[in-house]
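Written below as structure tokens is the structure these notes are about.
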Amino acid sequence: MLIDPGLNGPARVCLLALLGVMSLSACGDRSGSPGEESTGESASGAATAESERGRQTAFRVREDFEAELNSGAGWAGDVNVAASVVADRPFRLRFEVESTDEASASRQYRLEVRRNGGEWAPLPAENFPQPEKLHELDLAGLADDSSDPLWRFEHGGAESMSLHTEAGEAHLRLETGDEPMLALGRYEVPWRPREFAVELRLSEEESARAGLIFDYRGIEDHSRIEVVAPDTVRVVRVEGGRSVVVAEHQADIDAGRWMELKTIIDGRELVVEFDDEALVFSETLETDDPAPKLGLHLPERSAADIRAIAIEGQPHTPRTSIIASETFDHGAPTQDVLSVSEQPFSGGAGVSFSERTPPWHADGGHGEWEFPIVIRRFSDHAALNEAGDRFDYRLVGSDGRELAAEATASVSLEVPDGHLGGTFVETPMRIGPWQADNGDLYFLMEPAETWNALMAVRSSDGGDSWREVDGENRPKTGDLEGFGSLLVDDRIHMLHQTSDEVVYHVFNTADHPEAPNSWAIRDELVAAPPEPPTQVADIAVRSDGSVVAVYGGPDKIRLRVRSPGGQWGEERVIDADTDPVLSGPTIVRGGSDVIHLAYTADDGSAWYRRILPDGELSERVQVAANLGTASEDIGSILPLLYLPQSESVSVIYRTRDGRLHERRVEADGTWSDPLVISERVVAQNTVDADQVGADAVVNGDTVHVLFIEDRTGRLFHASRSDGAWGDGDLLVDGENVQWVRGAVLEMAGNGRVYGFVYDAGSDGGSGMNRYGQLTLETP
């Protein structure tokens, strides 16, 4: 157990009692689990249950996800006819249910699903493409006399809270008199809360304190985390009206400064994070099923400010799920659209990001419900849905039994050519697509944002279809935050930096003579530097097989070389005696095994060095002085390019005005003047990438650049051989492109192409990776 060793015996007992009896009721109504079937039901009982459930008389699949809830258009097929849907493209499924009696008792429905005739299982509510479960409380909901006040005051009253604005941002002022304030948040979320977080600021008074309640069963029976000036964060248990400190930790607490306090329930562990993880501690729960309740506590004659309050759940990425609608709210009323039943219409609702319909009073009539649904290509555990898979959906009542149905609601899955799905690696350098001599393509990515695993996916049909290769032996290291790779002969070399370490992997392509399409090296430790502000990594391989690795540190980039025999040499810190914080490294091998290195500094400068074959570093050269200086600008340099015909290196970077520029350095060290690649402003830091939204390759002596236009998400292509750059040609429109990486490939029947994979707008989620290609001239 991770209980503070300084706690005395009674305090330990109180903590165990606190964490062992958390009530399920704090998490809301959990009745009617659809996967539970009762046993031993009598015939009359079965008839009664069927009567209470009703009968499904119709279904229809709507392919237009953005259609109005009660629109008569946008259908994929006729009523009670199976339809085709596209992987990672949301659709909607509408049901008509007819009452089988005159009863007006309230009833609710859920959905179950089966794939390819398998077992039925509850259909969860998990969002797409970003599977976030986040509810932020509206701080303005203060009035006790409102129809739906935000707070229920168990101690004190609404006069304890007031709304203020500071620098254009609203915050709550909490202030008490002779009695304390205890306010419970009033909220409804359709998922199980996992995290509570507040941003708070203590007053200047001595020993100021404020608390976040994470478990509440009554005024004399609750638990909270308290922040106490000047130096304490503690767990407090209130039982029988008596407060006991059951855990206490030291932290720097500055009055007048905003600090975040977060509690996380992770399985049987309670984790407390404070002030951007300056303090993190945990306690072991004695229950497998805790159910916290959020509230605020302030002692008498005290004051504090609250700027943000958030409730989060644990997201997942299943094969298929109910998602949030973009056009209607949960519970929005339906109309009689399917019109199969001859009974009078008696209501129904749209269901948005919820596993359960709102209550319905049948009143002897019929109703309609519409569910937004998605079927994914890749899901948690790297599960893959294939083209032609059949998904059946059925309604079940609150007793977990299915409704009798005129026809089973079914869809078959289509996977468009070029669709990968899955999740883009965060902060990538080169990640493919790499090409074996037999034409097979390989790309490196994750299956889902909620299941971080490194996959090598392969296409043997020119990029049309993609599947994971050797998934049983994939690396164990997840957390793909900084990543670089390189294809050399029949092996893809990879460098991967996480928050804790840097590791090296190798994957054999189809060309490998002994172990094709398999992982050869996994999770080989390179280094364990202190955590950098942003994880960054790149890799190069010399002709003798030695591997050059560059990666991030807390304030400088670092270099390490792996010998041809497999031993990693001594770590070196680049520019250790300089002031600026360095990051954003990119390397490429040039002629004579010289490794070219470029990197950024937080003062807006960009730098270049050469790593010679004997390990010596050349003098650094300043490439630019007008890059952005914010933390998200560290990745302002694109992957370096070596032009073999002219033996020059192309350095492409984004300046603080958002434009891309190129400079070239010749073999003799001569630098060209900067050239503007396009006047269009290029995206930076899409989905917290800290990188420029662009990619570059070289074909002969022609440099090609793909870049994402800022604000529009459109993808453009520009090229330059000897002349100037053009403004760029539109390549992908109508999609919010957020990542792009590619390579020069040889395609049967198409010749040389710039093959690329782009994220069409996942917002850091999954399901939007797609392959495209651009025909190039053969040099």
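Numbering starts fresh at 1 for the residues of each chain in the structure tokens, the chains themselves are lettered A, B, ... in the order given, and ligands are numbered from 1 as they appear.
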
Margin query: Which residues are near range 657-669 of chain A? Cut-off 9 Å, only C-alpha atoms, ignore same chain within fewer than 6 positions. Put them as a PyMOL selection string.
Written below: chain A and resi 591+623+626-628+646-651+675-684+707+710

Store the residues picked out above in a file with N, CA and C atoms, as a short mmCIF file (atom, residue, chain, number, x, y, z; two decimals), in the first residue's frame.
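Dumped to part_1.cif:
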```cif
data_model
loop_
_atom_site.label_atom_id
_atom_site.label_comp_id
_atom_site.auth_asym_id
_atom_site.auth_seq_id
_atom_site.Cartn_x
_atom_site.Cartn_y
_atom_site.Cartn_z
N GLY A 591 26.65 12.64 -47.94
CA GLY A 591 27.79 11.96 -48.52
C GLY A 591 28.90 11.73 -47.53
N VAL A 623 21.09 29.31 -38.79
CA VAL A 623 20.35 29.24 -40.05
C VAL A 623 19.30 30.34 -40.12
N ASN A 626 14.40 34.13 -36.86
CA ASN A 626 13.03 34.65 -36.80
C ASN A 626 11.99 33.54 -36.68
N LEU A 627 12.33 32.44 -35.98
CA LEU A 627 11.34 31.42 -35.68
C LEU A 627 10.47 31.87 -34.51
N GLY A 628 9.39 31.14 -34.29
CA GLY A 628 8.56 31.43 -33.12
C GLY A 628 9.29 31.08 -31.84
N SER A 646 23.50 17.30 -56.08
CA SER A 646 24.27 18.52 -55.83
C SER A 646 25.06 18.43 -54.52
N GLU A 647 24.92 17.32 -53.79
CA GLU A 647 25.57 17.11 -52.50
C GLU A 647 25.29 18.27 -51.54
N SER A 648 24.05 18.76 -51.58
CA SER A 648 23.63 19.85 -50.70
C SER A 648 22.57 19.34 -49.74
N VAL A 649 22.29 20.14 -48.74
CA VAL A 649 21.25 19.82 -47.76
C VAL A 649 20.24 20.94 -47.74
N SER A 650 18.96 20.57 -47.77
CA SER A 650 17.87 21.54 -47.74
C SER A 650 17.32 21.62 -46.31
N VAL A 651 17.30 22.84 -45.78
CA VAL A 651 16.73 23.10 -44.46
C VAL A 651 15.48 23.95 -44.66
N LEU A 675 14.64 31.39 -49.18
CA LEU A 675 13.59 31.53 -50.17
C LEU A 675 12.25 31.21 -49.52
N VAL A 676 11.25 32.06 -49.79
CA VAL A 676 9.91 31.79 -49.29
C VAL A 676 9.27 30.71 -50.14
N ILE A 677 8.78 29.66 -49.50
CA ILE A 677 8.16 28.56 -50.24
C ILE A 677 6.74 28.92 -50.65
N SER A 678 5.99 29.56 -49.78
CA SER A 678 4.62 29.97 -50.09
C SER A 678 4.24 31.14 -49.21
N GLU A 679 3.39 32.00 -49.73
CA GLU A 679 2.89 33.11 -48.92
C GLU A 679 1.77 32.67 -47.99
N ARG A 680 1.31 31.46 -48.15
CA ARG A 680 0.24 30.97 -47.26
C ARG A 680 0.79 30.71 -45.86
N VAL A 681 -0.03 31.01 -44.86
CA VAL A 681 0.35 30.74 -43.48
C VAL A 681 0.14 29.25 -43.22
N VAL A 682 1.17 28.62 -42.66
CA VAL A 682 1.18 27.17 -42.46
C VAL A 682 0.86 26.86 -41.00
N ALA A 683 0.09 25.81 -40.79
CA ALA A 683 -0.33 25.42 -39.44
C ALA A 683 0.86 25.04 -38.58
N GLN A 684 0.76 25.34 -37.31
CA GLN A 684 1.76 24.95 -36.31
C GLN A 684 1.03 24.43 -35.09
N PHE A 707 2.17 20.99 -47.31
CA PHE A 707 1.96 21.81 -46.11
C PHE A 707 0.47 22.05 -45.88
N ASP A 710 -2.94 27.10 -42.46
CA ASP A 710 -3.48 27.42 -41.15
C ASP A 710 -4.95 27.82 -41.26
#
```

Note to self: Can you pull out the residues contacting Phe328 in chain A? Cut-off 8 Å, using only C-alpha atoms, and skip same-chain residues under 4 positions away; I want them as a ChimeraX atom specification.
What the structure shows: /A:68-69,332,350,352

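Each of A:Pro318, A:Gly604, A:Gly367, A:Gly761 was compared to Phe59 in chain A using only C-alpha atoms, and A:Gly367 turns out to be the nearest.
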
Checklist line | DSSP helix (DSSP H, G or I) selection over range 263-487 of chain A, as a ChimeraX atom specification | finding: /A:380-382,471-473

Margin query: When you count only C-alpha atoms, which of these residues is closest to Asp464 in chain A: A:Gln567, A:Ala404, A:Gly418, A:Arg377?
Written below: A:Gly418

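Summary of the local environment: counting only C-alpha atoms, residues at most 8 Å from Trp607 in chain A, other than itself and those fewer than 2 positions away along its chain, are A:Ala598, A:Tyr599, A:Thr600, A:Ala601, A:Ser605, A:Arg609, A:Arg620, A:Val621, A:Gln622, A:Val623, A:Ala624.
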
Could you write those residues out with all heavy atoms, as a PDB file, in the first residue's frame?
```
ATOM      1  N   ALA A 598      20.056  19.680 -37.651  1.00  0.00           N
ATOM      2  CA  ALA A 598      19.478  21.013 -37.460  1.00  0.00           C
ATOM      3  C   ALA A 598      18.576  20.969 -36.237  1.00  0.00           C
ATOM      4  O   ALA A 598      17.985  19.934 -35.915  1.00  0.00           O
ATOM      5  CB  ALA A 598      18.693  21.444 -38.694  1.00  0.00           C
ATOM      6  N   TYR A 599      18.463  22.110 -35.548  1.00  0.00           N
ATOM      7  CA  TYR A 599      17.671  22.145 -34.322  1.00  0.00           C
ATOM      8  C   TYR A 599      17.256  23.583 -34.028  1.00  0.00           C
ATOM      9  O   TYR A 599      17.756  24.538 -34.632  1.00  0.00           O
ATOM     10  CB  TYR A 599      18.440  21.540 -33.143  1.00  0.00           C
ATOM     11  CG  TYR A 599      19.858  22.056 -32.964  1.00  0.00           C
ATOM     12  CD1 TYR A 599      20.158  23.038 -32.028  1.00  0.00           C
ATOM     13  CD2 TYR A 599      20.910  21.526 -33.720  1.00  0.00           C
ATOM     14  CE1 TYR A 599      21.453  23.495 -31.865  1.00  0.00           C
ATOM     15  CE2 TYR A 599      22.213  21.977 -33.561  1.00  0.00           C
ATOM     16  CZ  TYR A 599      22.475  22.971 -32.634  1.00  0.00           C
ATOM     17  OH  TYR A 599      23.764  23.431 -32.465  1.00  0.00           O
ATOM     18  N   THR A 600      16.328  23.740 -33.079  1.00  0.00           N
ATOM     19  CA  THR A 600      15.783  25.055 -32.759  1.00  0.00           C
ATOM     20  C   THR A 600      16.156  25.459 -31.341  1.00  0.00           C
ATOM     21  O   THR A 600      16.516  24.627 -30.504  1.00  0.00           O
ATOM     22  CB  THR A 600      14.250  25.055 -32.885  1.00  0.00           C
ATOM     23  OG1 THR A 600      13.702  24.122 -31.938  1.00  0.00           O
ATOM     24  CG2 THR A 600      13.815  24.655 -34.286  1.00  0.00           C
ATOM     25  N   ALA A 601      16.031  26.751 -31.064  1.00  0.00           N
ATOM     26  CA  ALA A 601      16.245  27.295 -29.723  1.00  0.00           C
ATOM     27  C   ALA A 601      15.052  28.155 -29.349  1.00  0.00           C
ATOM     28  O   ALA A 601      14.360  28.701 -30.206  1.00  0.00           O
ATOM     29  CB  ALA A 601      17.536  28.116 -29.686  1.00  0.00           C
ATOM     30  N   SER A 605      15.836  31.120 -32.707  1.00  0.00           N
ATOM     31  CA  SER A 605      16.913  30.832 -33.666  1.00  0.00           C
ATOM     32  C   SER A 605      16.890  29.373 -34.085  1.00  0.00           C
ATOM     33  O   SER A 605      16.354  28.511 -33.397  1.00  0.00           O
ATOM     34  CB  SER A 605      18.274  31.177 -33.049  1.00  0.00           C
ATOM     35  OG  SER A 605      18.480  30.440 -31.862  1.00  0.00           O
ATOM     36  N   ARG A 609      24.611  21.835 -37.569  1.00  0.00           N
ATOM     37  CA  ARG A 609      25.939  21.256 -37.347  1.00  0.00           C
ATOM     38  C   ARG A 609      26.101  20.030 -38.234  1.00  0.00           C
ATOM     39  O   ARG A 609      25.114  19.452 -38.707  1.00  0.00           O
ATOM     40  CB  ARG A 609      26.125  20.814 -35.890  1.00  0.00           C
ATOM     41  CG  ARG A 609      26.422  21.906 -34.869  1.00  0.00           C
ATOM     42  CD  ARG A 609      26.618  21.267 -33.518  1.00  0.00           C
ATOM     43  NE  ARG A 609      26.880  22.172 -32.427  1.00  0.00           N
ATOM     44  CZ  ARG A 609      28.082  22.559 -32.025  1.00  0.00           C
ATOM     45  NH1 ARG A 609      29.154  22.108 -32.685  1.00  0.00           N
ATOM     46  NH2 ARG A 609      28.241  23.367 -30.991  1.00  0.00           N
ATOM     47  N   ARG A 620      28.832  25.227 -34.959  1.00  0.00           N
ATOM     48  CA  ARG A 620      27.421  25.461 -35.252  1.00  0.00           C
ATOM     49  C   ARG A 620      27.265  26.718 -36.099  1.00  0.00           C
ATOM     50  O   ARG A 620      28.028  27.687 -35.963  1.00  0.00           O
ATOM     51  CB  ARG A 620      26.606  25.550 -33.976  1.00  0.00           C
ATOM     52  CG  ARG A 620      26.923  26.710 -33.068  1.00  0.00           C
ATOM     53  CD  ARG A 620      26.034  26.675 -31.837  1.00  0.00           C
ATOM     54  NE  ARG A 620      26.127  27.913 -31.076  1.00  0.00           N
ATOM     55  CZ  ARG A 620      25.142  28.431 -30.363  1.00  0.00           C
ATOM     56  NH1 ARG A 620      23.980  27.800 -30.320  1.00  0.00           N
ATOM     57  NH2 ARG A 620      25.309  29.550 -29.691  1.00  0.00           N
ATOM     58  N   VAL A 621      26.259  26.682 -36.968  1.00  0.00           N
ATOM     59  CA  VAL A 621      25.963  27.787 -37.870  1.00  0.00           C
ATOM     60  C   VAL A 621      24.518  28.191 -37.651  1.00  0.00           C
ATOM     61  O   VAL A 621      23.623  27.343 -37.613  1.00  0.00           O
ATOM     62  CB  VAL A 621      26.177  27.387 -39.347  1.00  0.00           C
ATOM     63  CG1 VAL A 621      25.739  28.513 -40.282  1.00  0.00           C
ATOM     64  CG2 VAL A 621      27.625  26.994 -39.588  1.00  0.00           C
ATOM     65  N   GLN A 622      24.274  29.484 -37.497  1.00  0.00           N
ATOM     66  CA  GLN A 622      22.899  29.949 -37.333  1.00  0.00           C
ATOM     67  C   GLN A 622      22.217  30.005 -38.693  1.00  0.00           C
ATOM     68  O   GLN A 622      22.689  30.657 -39.615  1.00  0.00           O
ATOM     69  CB  GLN A 622      22.861  31.320 -36.661  1.00  0.00           C
ATOM     70  CG  GLN A 622      21.451  31.781 -36.347  1.00  0.00           C
ATOM     71  CD  GLN A 622      21.415  32.997 -35.432  1.00  0.00           C
ATOM     72  OE1 GLN A 622      22.357  33.229 -34.675  1.00  0.00           O
ATOM     73  NE2 GLN A 622      20.334  33.754 -35.505  1.00  0.00           N
ATOM     74  N   VAL A 623      21.093  29.306 -38.794  1.00  0.00           N
ATOM     75  CA  VAL A 623      20.346  29.239 -40.053  1.00  0.00           C
ATOM     76  C   VAL A 623      19.303  30.335 -40.125  1.00  0.00           C
ATOM     77  O   VAL A 623      19.036  30.905 -41.184  1.00  0.00           O
ATOM     78  CB  VAL A 623      19.666  27.859 -40.189  1.00  0.00           C
ATOM     79  CG1 VAL A 623      18.862  27.763 -41.469  1.00  0.00           C
ATOM     80  CG2 VAL A 623      20.703  26.753 -40.116  1.00  0.00           C
ATOM     81  N   ALA A 624      18.646  30.626 -39.005  1.00  0.00           N
ATOM     82  CA  ALA A 624      17.587  31.632 -38.984  1.00  0.00           C
ATOM     83  C   ALA A 624      17.501  32.217 -37.584  1.00  0.00           C
ATOM     84  O   ALA A 624      17.968  31.617 -36.605  1.00  0.00           O
ATOM     85  CB  ALA A 624      16.254  31.012 -39.386  1.00  0.00           C
TER      86      ALA A 624
END
```

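The environment of range 406-413 of chain A within 6 Å, counting only C-alpha atoms and disregarding residues fewer than 2 places along the same chain, consists of Thr57, Asn80, Ala82, Ala83, Ser84, Val85, Val86, Ala387, Gly388, Asp389, Arg390, Phe391, Asp392 and Tyr393 of chain A.
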
Output file for the residues above (N, CA and C atoms, as a PDB file, in the first residue's frame):
```
ATOM      1  N   THR A  57     -40.823  -2.327 -34.519  1.00  0.00           N
ATOM      2  CA  THR A  57     -41.543  -2.508 -35.775  1.00  0.00           C
ATOM      3  C   THR A  57     -40.757  -2.065 -36.992  1.00  0.00           C
ATOM      4  N   ASN A  80     -36.292  -1.273 -42.768  1.00  0.00           N
ATOM      5  CA  ASN A  80     -36.095  -2.699 -42.462  1.00  0.00           C
ATOM      6  C   ASN A  80     -35.232  -3.423 -43.493  1.00  0.00           C
ATOM      7  N   ALA A  82     -31.102  -3.977 -44.565  1.00  0.00           N
ATOM      8  CA  ALA A  82     -29.699  -3.783 -44.194  1.00  0.00           C
ATOM      9  C   ALA A  82     -29.025  -2.838 -45.179  1.00  0.00           C
ATOM     10  N   ALA A  83     -28.063  -2.063 -44.681  1.00  0.00           N
ATOM     11  CA  ALA A  83     -27.371  -1.089 -45.520  1.00  0.00           C
ATOM     12  C   ALA A  83     -25.872  -1.215 -45.329  1.00  0.00           C
ATOM     13  N   SER A  84     -25.115  -0.547 -46.185  1.00  0.00           N
ATOM     14  CA  SER A  84     -23.658  -0.506 -46.073  1.00  0.00           C
ATOM     15  C   SER A  84     -23.247   0.808 -45.431  1.00  0.00           C
ATOM     16  N   VAL A  85     -22.246   0.745 -44.543  1.00  0.00           N
ATOM     17  CA  VAL A  85     -21.680   1.936 -43.917  1.00  0.00           C
ATOM     18  C   VAL A  85     -20.168   1.877 -44.066  1.00  0.00           C
ATOM     19  N   VAL A  86     -19.527   3.015 -43.881  1.00  0.00           N
ATOM     20  CA  VAL A  86     -18.093   3.138 -44.132  1.00  0.00           C
ATOM     21  C   VAL A  86     -17.345   3.194 -42.808  1.00  0.00           C
ATOM     22  N   ALA A 387     -13.512  -5.172 -44.203  1.00  0.00           N
ATOM     23  CA  ALA A 387     -14.569  -4.930 -45.178  1.00  0.00           C
ATOM     24  C   ALA A 387     -15.450  -6.175 -45.278  1.00  0.00           C
ATOM     25  N   GLY A 388     -16.757  -5.963 -45.282  1.00  0.00           N
ATOM     26  CA  GLY A 388     -17.698  -7.065 -45.348  1.00  0.00           C
ATOM     27  C   GLY A 388     -18.179  -7.550 -43.999  1.00  0.00           C
ATOM     28  N   ASP A 389     -17.560  -7.093 -42.904  1.00  0.00           N
ATOM     29  CA  ASP A 389     -18.053  -7.451 -41.578  1.00  0.00           C
ATOM     30  C   ASP A 389     -19.501  -6.991 -41.427  1.00  0.00           C
ATOM     31  N   ARG A 390     -20.285  -7.813 -40.758  1.00  0.00           N
ATOM     32  CA  ARG A 390     -21.693  -7.491 -40.544  1.00  0.00           C
ATOM     33  C   ARG A 390     -21.913  -7.183 -39.058  1.00  0.00           C
ATOM     34  N   PHE A 391     -22.537  -6.059 -38.786  1.00  0.00           N
ATOM     35  CA  PHE A 391     -22.870  -5.643 -37.433  1.00  0.00           C
ATOM     36  C   PHE A 391     -24.382  -5.586 -37.291  1.00  0.00           C
ATOM     37  N   ASP A 392     -24.888  -6.313 -36.304  1.00  0.00           N
ATOM     38  CA  ASP A 392     -26.310  -6.314 -35.992  1.00  0.00           C
ATOM     39  C   ASP A 392     -26.524  -5.545 -34.696  1.00  0.00           C
ATOM     40  N   TYR A 393     -27.598  -4.750 -34.646  1.00  0.00           N
ATOM     41  CA  TYR A 393     -27.936  -3.966 -33.465  1.00  0.00           C
ATOM     42  C   TYR A 393     -29.373  -4.292 -33.062  1.00  0.00           C
TER      43      TYR A 393
END
```

Item checked: strand (DSSP E or B) positions in range 331-409 of chain A, given as a PyMOL selection string -> chain A and resi 333+345-350+360-361+366-375+378+384+390-396+402+404-405+409

Quick one: write out the picked residues with N, CA, C and O atoms as a short mmCIF file (atom, residue, chain, number, x, y, z; two decimals), in the first residue's frame?
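Dumped everything to selection01.cif:
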```cif
data_model
loop_
_atom_site.label_atom_id
_atom_site.label_comp_id
_atom_site.auth_asym_id
_atom_site.auth_seq_id
_atom_site.Cartn_x
_atom_site.Cartn_y
_atom_site.Cartn_z
N PRO A 333 -36.64 15.75 -29.01
CA PRO A 333 -37.84 14.98 -29.37
C PRO A 333 -37.85 14.56 -30.84
O PRO A 333 -37.45 15.32 -31.72
N PHE A 345 -48.63 8.17 -32.60
CA PHE A 345 -47.25 8.48 -32.21
C PHE A 345 -47.26 9.10 -30.82
O PHE A 345 -48.04 10.03 -30.54
N SER A 346 -46.39 8.58 -29.94
CA SER A 346 -46.38 9.06 -28.56
C SER A 346 -44.98 9.44 -28.10
O SER A 346 -44.62 9.26 -26.94
N GLY A 347 -44.17 9.96 -28.99
CA GLY A 347 -42.88 10.51 -28.59
C GLY A 347 -41.70 9.64 -28.93
O GLY A 347 -41.76 8.74 -29.76
N GLY A 348 -40.60 9.91 -28.26
CA GLY A 348 -39.31 9.30 -28.55
C GLY A 348 -38.26 10.38 -28.52
O GLY A 348 -38.55 11.56 -28.26
N ALA A 349 -37.01 10.03 -28.78
CA ALA A 349 -35.93 11.01 -28.63
C ALA A 349 -34.70 10.62 -29.43
O ALA A 349 -34.50 9.45 -29.78
N GLY A 350 -33.88 11.61 -29.70
CA GLY A 350 -32.53 11.36 -30.19
C GLY A 350 -31.64 11.01 -29.03
O GLY A 350 -31.78 11.55 -27.92
N TRP A 360 -39.57 6.85 -21.49
CA TRP A 360 -40.68 7.00 -22.44
C TRP A 360 -41.94 6.43 -21.84
O TRP A 360 -41.94 5.31 -21.31
N HIS A 361 -43.01 7.16 -21.95
CA HIS A 361 -44.33 6.68 -21.55
C HIS A 361 -45.08 6.31 -22.83
O HIS A 361 -45.50 7.19 -23.58
N HIS A 366 -46.73 4.45 -30.28
CA HIS A 366 -45.40 4.05 -30.72
C HIS A 366 -44.47 5.26 -30.67
O HIS A 366 -44.92 6.41 -30.68
N GLY A 367 -43.17 4.97 -30.59
CA GLY A 367 -42.17 6.02 -30.54
C GLY A 367 -41.00 5.71 -31.45
O GLY A 367 -40.87 4.61 -31.99
N GLU A 368 -40.10 6.72 -31.62
CA GLU A 368 -38.91 6.55 -32.47
C GLU A 368 -37.68 7.08 -31.75
O GLU A 368 -37.74 8.09 -31.05
N TRP A 369 -36.58 6.35 -31.93
CA TRP A 369 -35.29 6.71 -31.33
C TRP A 369 -34.21 6.65 -32.40
O TRP A 369 -34.20 5.73 -33.23
N GLU A 370 -33.30 7.61 -32.36
CA GLU A 370 -32.22 7.64 -33.35
C GLU A 370 -30.88 7.73 -32.62
O GLU A 370 -30.69 8.60 -31.76
N PHE A 371 -29.97 6.81 -32.98
CA PHE A 371 -28.66 6.70 -32.34
C PHE A 371 -27.55 7.05 -33.33
O PHE A 371 -27.48 6.47 -34.41
N PRO A 372 -26.64 7.97 -32.98
CA PRO A 372 -25.42 8.18 -33.78
C PRO A 372 -24.40 7.10 -33.43
O PRO A 372 -24.11 6.87 -32.25
N ILE A 373 -23.85 6.45 -34.45
CA ILE A 373 -23.00 5.28 -34.25
C ILE A 373 -21.79 5.38 -35.18
O ILE A 373 -21.86 5.97 -36.26
N VAL A 374 -20.69 4.78 -34.77
CA VAL A 374 -19.54 4.63 -35.66
C VAL A 374 -19.01 3.21 -35.54
O VAL A 374 -19.10 2.58 -34.48
N ILE A 375 -18.49 2.70 -36.64
CA ILE A 375 -17.74 1.43 -36.66
C ILE A 375 -16.32 1.77 -37.08
O ILE A 375 -16.11 2.39 -38.13
N PHE A 378 -9.65 0.39 -36.79
CA PHE A 378 -8.84 -0.11 -35.68
C PHE A 378 -9.47 0.35 -34.37
O PHE A 378 -10.01 1.45 -34.29
N LEU A 384 -9.15 -5.24 -35.44
CA LEU A 384 -9.34 -4.76 -36.80
C LEU A 384 -10.69 -5.22 -37.32
O LEU A 384 -11.03 -6.41 -37.28
N ARG A 390 -20.28 -7.81 -40.76
CA ARG A 390 -21.69 -7.49 -40.54
C ARG A 390 -21.91 -7.18 -39.06
O ARG A 390 -21.53 -7.96 -38.19
N PHE A 391 -22.54 -6.06 -38.79
CA PHE A 391 -22.87 -5.64 -37.43
C PHE A 391 -24.38 -5.59 -37.29
O PHE A 391 -25.07 -4.92 -38.08
N ASP A 392 -24.89 -6.31 -36.30
CA ASP A 392 -26.31 -6.31 -35.99
C ASP A 392 -26.52 -5.55 -34.70
O ASP A 392 -25.75 -5.68 -33.74
N TYR A 393 -27.60 -4.75 -34.65
CA TYR A 393 -27.94 -3.97 -33.46
C TYR A 393 -29.37 -4.29 -33.06
O TYR A 393 -30.25 -4.44 -33.91
N ARG A 394 -29.59 -4.40 -31.76
CA ARG A 394 -30.95 -4.66 -31.28
C ARG A 394 -31.22 -3.84 -30.02
O ARG A 394 -30.32 -3.54 -29.24
N LEU A 395 -32.49 -3.50 -29.83
CA LEU A 395 -32.93 -2.81 -28.63
C LEU A 395 -33.20 -3.81 -27.52
O LEU A 395 -33.72 -4.90 -27.77
N VAL A 396 -32.83 -3.44 -26.31
CA VAL A 396 -33.16 -4.25 -25.14
C VAL A 396 -33.85 -3.34 -24.13
O VAL A 396 -33.64 -2.12 -24.10
N GLU A 402 -34.09 -8.56 -25.06
CA GLU A 402 -34.31 -7.90 -26.34
C GLU A 402 -35.78 -7.69 -26.62
O GLU A 402 -36.64 -8.42 -26.13
N ALA A 404 -38.86 -7.93 -29.18
CA ALA A 404 -39.24 -8.63 -30.40
C ALA A 404 -39.15 -7.66 -31.57
O ALA A 404 -39.47 -6.48 -31.44
N ALA A 405 -38.69 -8.14 -32.73
CA ALA A 405 -38.43 -7.24 -33.84
C ALA A 405 -38.93 -7.82 -35.15
O ALA A 405 -38.81 -9.03 -35.40
N ALA A 409 -31.81 -4.97 -37.16
CA ALA A 409 -31.09 -3.84 -37.75
C ALA A 409 -29.65 -4.26 -38.03
O ALA A 409 -28.91 -4.63 -37.12
#
```

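Of the listed residues (A:Ala515, A:Leu776, A:Val79, A:Ala170), A:Leu776 comes nearest to Glu746 in chain A; the distances count only C-alpha atoms.
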